[in-house]
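The structure appears right after this line, and notes come after that.
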Amino acid sequence: MRGALFLAGSLLFVAVGCFGDGELTSSGKGRPQVEVEFPASVRAGSVADATITVTNPGPGDMSGVAITFARVGNFYPIVDVASGGENPAVANVDPEPDRVDRAAVVYRFGALREGESGVYRFGLVVPDRRGPAANSVTVSAAEDLERIRGLRLETVVE
């Protein structure tokens, strides 16, 4: 039950991150600035690095950073829901996350001070299915559910 609630909360993060409006939350804190780097095309079955850079614009520190992967539209997912906190689509994560949810799609990292940036690298196992593949990637602050931003990680599997 607890895992289902965490997953439901994570999906709420995704919805708010993709559709949230403006740079500031209702409490006046800035939404994180996020950049995602991933190859435009990759070979099926290879491991490709997704680099996610998160900047905390403030005001105030972020007590923790959560990075969530979710399905997007009709695209085949690169990272899909797994179980037991292990995901076969995620070969490695740097830095090591503080916590991973049971569905292995939400990765929690430590604090990010106001004005600082954090770089998070995920070695992702590219699906064997050729064609377009994508995920929604959202970044949120642990202490304020409104401090969220979402982007799309997309590639063509060759």
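By convention here, the chains of the structure tokens are called A, B, ... in the order presented, each chain's residues are numbered starting at 1, and ligands are numbered starting at 1 in the order presented.
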* Skipping near chain neighbours, those fewer than 5 positions away, what residues fall within 6 Å of segment 140-153 of chain A using only C-alpha atoms, listed as a list in words? ->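 With the cut-off at 6 Å, the set is Gly17, Cys18, Thr25, Arg31, Met62, Ser63, Gly64, Val65, Ala66, Ala134 and Asn135 of chain A.
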Dump of N, CA and C atoms for the selected residues, as a PDB file, in the first residue's frame:
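Below is the file that was written, out_5.pdb:
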```pdb
ATOM      1  N   GLY A  17       4.622  18.849 -12.814  1.00  0.00           N
ATOM      2  CA  GLY A  17       5.866  19.265 -13.465  1.00  0.00           C
ATOM      3  C   GLY A  17       5.677  19.554 -14.929  1.00  0.00           C
ATOM      4  N   CYS A  18       4.850  18.784 -15.590  1.00  0.00           N
ATOM      5  CA  CYS A  18       4.639  18.988 -17.020  1.00  0.00           C
ATOM      6  C   CYS A  18       3.700  20.145 -17.298  1.00  0.00           C
ATOM      7  N   THR A  25       6.475  29.333  -7.197  1.00  0.00           N
ATOM      8  CA  THR A  25       5.358  28.614  -6.600  1.00  0.00           C
ATOM      9  C   THR A  25       4.472  29.619  -5.866  1.00  0.00           C
ATOM     10  N   ARG A  31      10.929  27.391  -9.031  1.00  0.00           N
ATOM     11  CA  ARG A  31      10.947  26.012  -9.520  1.00  0.00           C
ATOM     12  C   ARG A  31      12.372  25.698  -9.988  1.00  0.00           C
ATOM     13  N   MET A  62      16.836  23.578  -1.135  1.00  0.00           N
ATOM     14  CA  MET A  62      15.986  22.419  -1.366  1.00  0.00           C
ATOM     15  C   MET A  62      16.528  21.338  -0.437  1.00  0.00           C
ATOM     16  N   SER A  63      15.697  20.818   0.470  1.00  0.00           N
ATOM     17  CA  SER A  63      16.184  19.829   1.448  1.00  0.00           C
ATOM     18  C   SER A  63      16.494  18.489   0.804  1.00  0.00           C
ATOM     19  N   GLY A  64      16.013  18.274  -0.396  1.00  0.00           N
ATOM     20  CA  GLY A  64      16.295  17.062  -1.149  1.00  0.00           C
ATOM     21  C   GLY A  64      15.820  17.248  -2.575  1.00  0.00           C
ATOM     22  N   VAL A  65      16.367  16.461  -3.487  1.00  0.00           N
ATOM     23  CA  VAL A  65      16.010  16.514  -4.908  1.00  0.00           C
ATOM     24  C   VAL A  65      15.467  15.142  -5.295  1.00  0.00           C
ATOM     25  N   ALA A  66      14.289  15.119  -5.918  1.00  0.00           N
ATOM     26  CA  ALA A  66      13.722  13.865  -6.421  1.00  0.00           C
ATOM     27  C   ALA A  66      13.675  13.925  -7.944  1.00  0.00           C
ATOM     28  N   ALA A 134      11.016   7.417 -25.329  1.00  0.00           N
ATOM     29  CA  ALA A 134      11.037   8.638 -24.517  1.00  0.00           C
ATOM     30  C   ALA A 134      10.525   8.383 -23.113  1.00  0.00           C
ATOM     31  N   ASN A 135      10.862   9.297 -22.230  1.00  0.00           N
ATOM     32  CA  ASN A 135      10.342   9.363 -20.871  1.00  0.00           C
ATOM     33  C   ASN A 135      10.132  10.817 -20.498  1.00  0.00           C
TER      34      ASN A 135
END
```
* Enumerate as a ChimeraX atom specification all residues of chain A assigned to alpha helix (DSSP H) by DSSP on the backbone, naming them with the chain letters and numbers the document uses. => /A:2-19
* Taking into account only C-alpha atoms, which residue in the set A:Val36, A:Ala133, A:Ala103, A:Val119 is nearest to Tyr76 of chain A? ->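 Closest residue, counting only C-alpha atoms: A:Ala133.
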* To do: May I have the residues within 7 Å of Arg121 of chain A as an MDAnalysis selection string, using only C-alpha atoms and disregarding those fewer than 6 positions away in the same chain?
  => chainID A and resid 49:52 93:94
Got time to write the residues from that selection, N, CA and C atoms, as an mmCIF file, in the first residue's frame?
```cif
data_model
loop_
_atom_site.group_PDB
_atom_site.id
_atom_site.type_symbol
_atom_site.label_atom_id
_atom_site.label_comp_id
_atom_site.auth_asym_id
_atom_site.auth_seq_id
_atom_site.Cartn_x
_atom_site.Cartn_y
_atom_site.Cartn_z
ATOM 1 N N ASP A 49 24.309 7.477 -21.477
ATOM 2 C CA ASP A 49 24.251 8.338 -20.298
ATOM 3 C C ASP A 49 23.247 9.461 -20.475
ATOM 4 N N ALA A 50 22.357 9.577 -19.488
ATOM 5 C CA ALA A 50 21.463 10.723 -19.379
ATOM 6 C C ALA A 50 22.048 11.601 -18.284
ATOM 7 N N THR A 51 22.375 12.837 -18.622
ATOM 8 C CA THR A 51 22.921 13.773 -17.647
ATOM 9 C C THR A 51 21.848 14.805 -17.348
ATOM 10 N N ILE A 52 21.474 14.889 -16.078
ATOM 11 C CA ILE A 52 20.422 15.807 -15.640
ATOM 12 C C ILE A 52 21.075 16.827 -14.722
ATOM 13 N N VAL A 93 23.861 4.916 -11.413
ATOM 14 C CA VAL A 93 23.469 6.282 -11.064
ATOM 15 C C VAL A 93 24.635 6.919 -10.329
ATOM 16 N N ASP A 94 24.973 8.150 -10.697
ATOM 17 C CA ASP A 94 26.046 8.889 -10.056
ATOM 18 C C ASP A 94 25.613 10.331 -9.847
#
```
* Kindly give the distance, in Å, that separates atom CA of Val105 of chain A and atom CA of Asn87 of chain A, rounded to a single decimal. =>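 If I compute the distance from atom CA of Val105 of chain A to atom CA of Asn87 of chain A, I get 7.7 Å.
Nearest-residue note for Gly84 of chain A: choosing from A:Gly22, A:Phe109, A:Thr138, A:Arg102, the minimum distance belongs to A:Arg102, counting only C-alpha atoms.
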